[in-house]
Amino acid sequence: MEPKSILGWLILGLIAGVIAKAIHPGKDASGWIKSIVIGLVGSFVGGFIANSILGWNTADSWWQTLFVAVGGAVLCLWAYGKIKKK
């Protein structure tokens with residue numbers, strides 16, 4: 001993985017974290033910063049799932065990459081909320 005793609009995923013992950021927080025607002029006491037960081041992690045999770053498991057090449061288009069990143073971010077925010085409640 002070259003540095004340009006890692007930087008791209010970081011920036012896209014931050015954007016995905018903001019979008020995911022807007023999609024999955026709920027009663028999250030962690031706040032925006034923690035949610036964005038979880039969204040950033042989620043974008044990598046979404047990218048991993050899309051590339052490794054589903055076989056999608058997310059580098060084909062920016063909207064497909066954003067869709068995958070937001071999906072992973074929402075998934076991680078949801079999982080974090082479930083873990084936090086226990």
# chains A, B, ... in the order shown; residues from 1 in each chain; ligands from 1
$ residues_around --residues "Trp32 (chain A)" --least-positions-apart "3" --cutoff "9 Å" --atoms "only C-alpha atoms" --output "MDAnalysis selection string"
chainID A and resid 17:18 21 28 35:37
$ write_last_selection --atoms "N, CA and C atoms" --output "mmCIF file, in the first residue's frame"
data_model
loop_
_atom_site.group_PDB
_atom_site.id
_atom_site.type_symbol
_atom_site.label_atom_id
_atom_site.label_comp_id
_atom_site.auth_asym_id
_atom_site.auth_seq_id
_atom_site.Cartn_x
_atom_site.Cartn_y
_atom_site.Cartn_z
ATOM 1 N N GLY A 17 -16.556 9.443 8.809
ATOM 2 C CA GLY A 17 -16.914 9.511 10.224
ATOM 3 C C GLY A 17 -17.946 10.587 10.502
ATOM 4 N N VAL A 18 -17.790 11.744 9.864
ATOM 5 C CA VAL A 18 -18.761 12.828 10.028
ATOM 6 C C VAL A 18 -20.114 12.421 9.451
ATOM 7 N N LYS A 21 -21.733 9.751 11.648
ATOM 8 C CA LYS A 21 -22.282 10.327 12.877
ATOM 9 C C LYS A 21 -23.628 10.982 12.592
ATOM 10 N N ASP A 28 -25.393 9.205 21.902
ATOM 11 C CA ASP A 28 -23.994 8.822 22.005
ATOM 12 C C ASP A 28 -23.266 9.825 22.892
ATOM 13 N N SER A 35 -16.577 9.809 17.884
ATOM 14 C CA SER A 35 -17.365 9.211 16.809
ATOM 15 C C SER A 35 -16.636 9.301 15.475
ATOM 16 N N ILE A 36 -15.957 10.411 15.235
ATOM 17 C CA ILE A 36 -15.199 10.565 13.997
ATOM 18 C C ILE A 36 -14.023 9.596 13.970
ATOM 19 N N VAL A 37 -13.358 9.420 15.108
ATOM 20 C CA VAL A 37 -12.241 8.464 15.169
ATOM 21 C C VAL A 37 -12.752 7.041 14.938
#
$ residues_around --residues "region 41-49 of chain A" --least-positions-apart "2" --cutoff "9 Å" --atoms "only C-alpha atoms" --output "ChimeraX atom specification"
/A:9-10,12-14,16-17,36-39,51-56,58,65-77
$ atom_distance --atom1 "CA of Ala50 (chain A)" --atom2 "CA of Gln64 (chain A)"
10.1 Å
$ atom_distance --atom1 "CA of Ser61 (chain A)" --atom2 "CA of Ala20 (chain A)"
19.5 Å
